[in-house]
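Structure record follows, encoded as structure tokens.
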Amino acid sequence: MISLPPAAGYVSRKTHRLAVGALFFLLGLCFASWASRIPSVQQKMGISEAALGGVLLAIPLGQLLSLPLAGWLVAKHGSRRVVLWGVVLYATALLGLGWAGSLWQLLPCLIIFGVGGNLTNISVNTQAVGVERLYQHKPIMASFHGLWSLAGFVAAAVGSFMIGHAVPPGIHFIFISLFILTGLAVAAGSTVREDSGVDPDQPIFVKPDKELLGLGAIAFCALICEGAMFDWSGVYFKKVIQADKDWVGAGYTAFMSTMAAGRFGADWLAHRLGSKRVIQLSGLLTATGLSIAVAWPMLPTALLGFLLVGFGTSAVVPLVYSAAGKSTHMSAGMALAAVSTIGFFGFLLGPPIIGFLAGATSLRVSFALIAFMGLCVSAVASRVRV
């Protein structure tokens, strides 16, 4: 029997997966490139630590402003169009961050950077849901998020090289933006062109159903844990573990390493054990790792604990996003926006809550609260269809 060649314009599911995976990598590279040069921008503008904390709130402000808009745009115009324009906006805003000459130029660029980040987050995850659908719902979402994490390591290495060779952030970001836009041009033609549930008359606000609220609660608890690890792991190693200065960043590195590695194995586990069981195990791993770091605050045990936390947090958000994208109540874009919005508040509120609780009690007590959030992930997952 003679097999016919694919029809003109046909794109295989593997090619779709490569294209969307490339977008995840480019988006991770964009965000982490900025993060790697925050100290350089602070020094360039002479911003104090206290002022820097306030300035950096401009990014979540931009994300917050665009939360309802992102899902509506994806539902109305499709994720492909939104992600392509969103990446251009994101890369352009990165250029603005590098070349801003004053605080009043930096602040609007940070807000636009936050808007671009959220638009691309919702639209690229909707793209990933579309690719996953081509695999008959075989779990592949976590591997996409693994590429985002991998890009963070690449951006950190490039940032260290640029700092070591005294390359200004503006020049650094020109190279990164050109790389991102070139990668976008290559991948654009192989992105998913049609989403399920695209509705030109989609209202901006749609009330999520009980299932999406449950998934949002899981994301909320998981992102409290992630946010705390991003912002407080170095402080914990410095003040509680009392590690030498060369080891202060070891906890964060351990956490990030296993979180990235765990995402590349999470799809395999979810395929064999089911997403619900993997999320339940992930919550228990997070709680166990943090409990070890709190109960035995020594360098070896804390490193072991943070390694476990990285594995624990790696799979939760990707698997929750995958489940939200299969919603029968609303379009994939709107469902992802709803779950992402609830989770975003966990990521935003977690770090300051840790700080307030640490001030009232101790950092160990506040990290014990994060361990409890890990248990909440497992508890809520047992009651939600994932």
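Every chain in the structure tokens has a letter given in the order shown (A, B, ...), and although residue numbers restart at 1 in each chain, ligands are simply numbered from 1 in the order shown.
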
Query - Selection: 10 Å around A:Val386, only C-alpha atoms, excl. self and same-chain fewer than 2 positions, as an MDAnalysis selection string - result: chainID A and resid 211:212 214:215 274:277 279 319:324 326 381:384

**Report entry** Spatial neighbours of A:Gly343, max dist 9 Å, only C-alpha atoms, sep filter under 6 positions, as a list of chain:residue names
**Finding:**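 These residues fall inside the cut-off: A:Leu215, A:Gly216, A:Ala217, A:Ile218, A:Ala219, A:Phe220, A:Cys221, A:Ala222, A:Leu223, A:Ile224, A:Val317.
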
Could the residues in this selection be saved with N, CA and C atoms as a short mmCIF file (atom, residue, chain, number, x, y, z; two decimals), in the first residue's frame?
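What landed in again-v9.cif:
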```cif
data_model
loop_
_atom_site.label_atom_id
_atom_site.label_comp_id
_atom_site.auth_asym_id
_atom_site.auth_seq_id
_atom_site.Cartn_x
_atom_site.Cartn_y
_atom_site.Cartn_z
N LEU A 215 -8.75 23.49 41.45
CA LEU A 215 -7.43 23.52 40.81
C LEU A 215 -6.70 24.82 41.18
N GLY A 216 -7.45 25.92 41.24
CA GLY A 216 -6.85 27.18 41.64
C GLY A 216 -6.31 27.13 43.06
N ALA A 217 -7.04 26.45 43.95
CA ALA A 217 -6.59 26.32 45.34
C ALA A 217 -5.28 25.53 45.42
N ILE A 218 -5.16 24.48 44.60
CA ILE A 218 -3.90 23.71 44.55
C ILE A 218 -2.77 24.61 44.07
N ALA A 219 -3.03 25.36 42.99
CA ALA A 219 -2.01 26.27 42.46
C ALA A 219 -1.63 27.32 43.49
N PHE A 220 -2.61 27.83 44.23
CA PHE A 220 -2.37 28.84 45.26
C PHE A 220 -1.39 28.32 46.31
N CYS A 221 -1.67 27.13 46.83
CA CYS A 221 -0.80 26.55 47.87
C CYS A 221 0.59 26.24 47.31
N ALA A 222 0.64 25.69 46.09
CA ALA A 222 1.92 25.32 45.49
C ALA A 222 2.78 26.55 45.22
N LEU A 223 2.14 27.63 44.75
CA LEU A 223 2.91 28.83 44.41
C LEU A 223 3.31 29.63 45.63
N ILE A 224 2.61 29.47 46.74
CA ILE A 224 3.11 30.01 48.01
C ILE A 224 4.45 29.36 48.33
N VAL A 317 2.18 22.72 39.35
CA VAL A 317 1.58 23.75 38.49
C VAL A 317 1.39 23.26 37.05
#
```

Requested in this report: Work out how far apart atom CA of A:Val11 and atom CA of A:Leu84 are and give it in Å to one decimal.
Outcome: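 Distance reported for this atom pair: 17.7 Å.
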
**Report entry** Residues within 10 Å of A:Leu134, only C-alpha atoms, excluding chain neighbours under 6 positions, as a list of chain:residue names
**Finding:**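 Result of the neighbour search: A:Ser12, A:Arg13, A:Lys14, A:His16, A:Arg17, A:Ala128.
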
Okay, now the selection with N, CA and C atoms, as a PDB file, in the first residue's frame?
```pdb
ATOM      1  N   SER A  12       3.295  18.141  11.812  1.00  0.00           N
ATOM      2  CA  SER A  12       3.194  16.990  12.692  1.00  0.00           C
ATOM      3  C   SER A  12       3.112  17.424  14.150  1.00  0.00           C
ATOM      4  N   ARG A  13       2.603  16.541  14.980  1.00  0.00           N
ATOM      5  CA  ARG A  13       2.490  16.882  16.397  1.00  0.00           C
ATOM      6  C   ARG A  13       3.868  17.058  17.036  1.00  0.00           C
ATOM      7  N   LYS A  14       4.868  16.334  16.538  1.00  0.00           N
ATOM      8  CA  LYS A  14       6.224  16.499  17.055  1.00  0.00           C
ATOM      9  C   LYS A  14       6.757  17.890  16.739  1.00  0.00           C
ATOM     10  N   HIS A  16       4.881  20.579  16.221  1.00  0.00           N
ATOM     11  CA  HIS A  16       4.143  21.481  17.116  1.00  0.00           C
ATOM     12  C   HIS A  16       4.794  21.493  18.498  1.00  0.00           C
ATOM     13  N   ARG A  17       5.155  20.306  18.979  1.00  0.00           N
ATOM     14  CA  ARG A  17       5.736  20.208  20.324  1.00  0.00           C
ATOM     15  C   ARG A  17       7.081  20.934  20.392  1.00  0.00           C
ATOM     16  N   ALA A 128       0.275  24.842  24.748  1.00  0.00           N
ATOM     17  CA  ALA A 128       0.722  23.542  25.254  1.00  0.00           C
ATOM     18  C   ALA A 128      -0.448  22.580  25.444  1.00  0.00           C
TER      19      ALA A 128
END
```

Query - Residues within 12 Å of A:Lys239, only C-alpha atoms, excluding chain neighbours under 2 positions, as a ChimeraX atom specification - result: /A:232-237,241-245,248,297-299,358,362-364

Query raised in the report: If you run DSSP on this backbone, which residues of stretch 197-383 of chain A come out as alpha helix (DSSP H), and could you give them as an MDAnalysis selection string?
Result: chainID A and resid 210:239 250:273 275:295 299:314 316:324 332:360 363:381
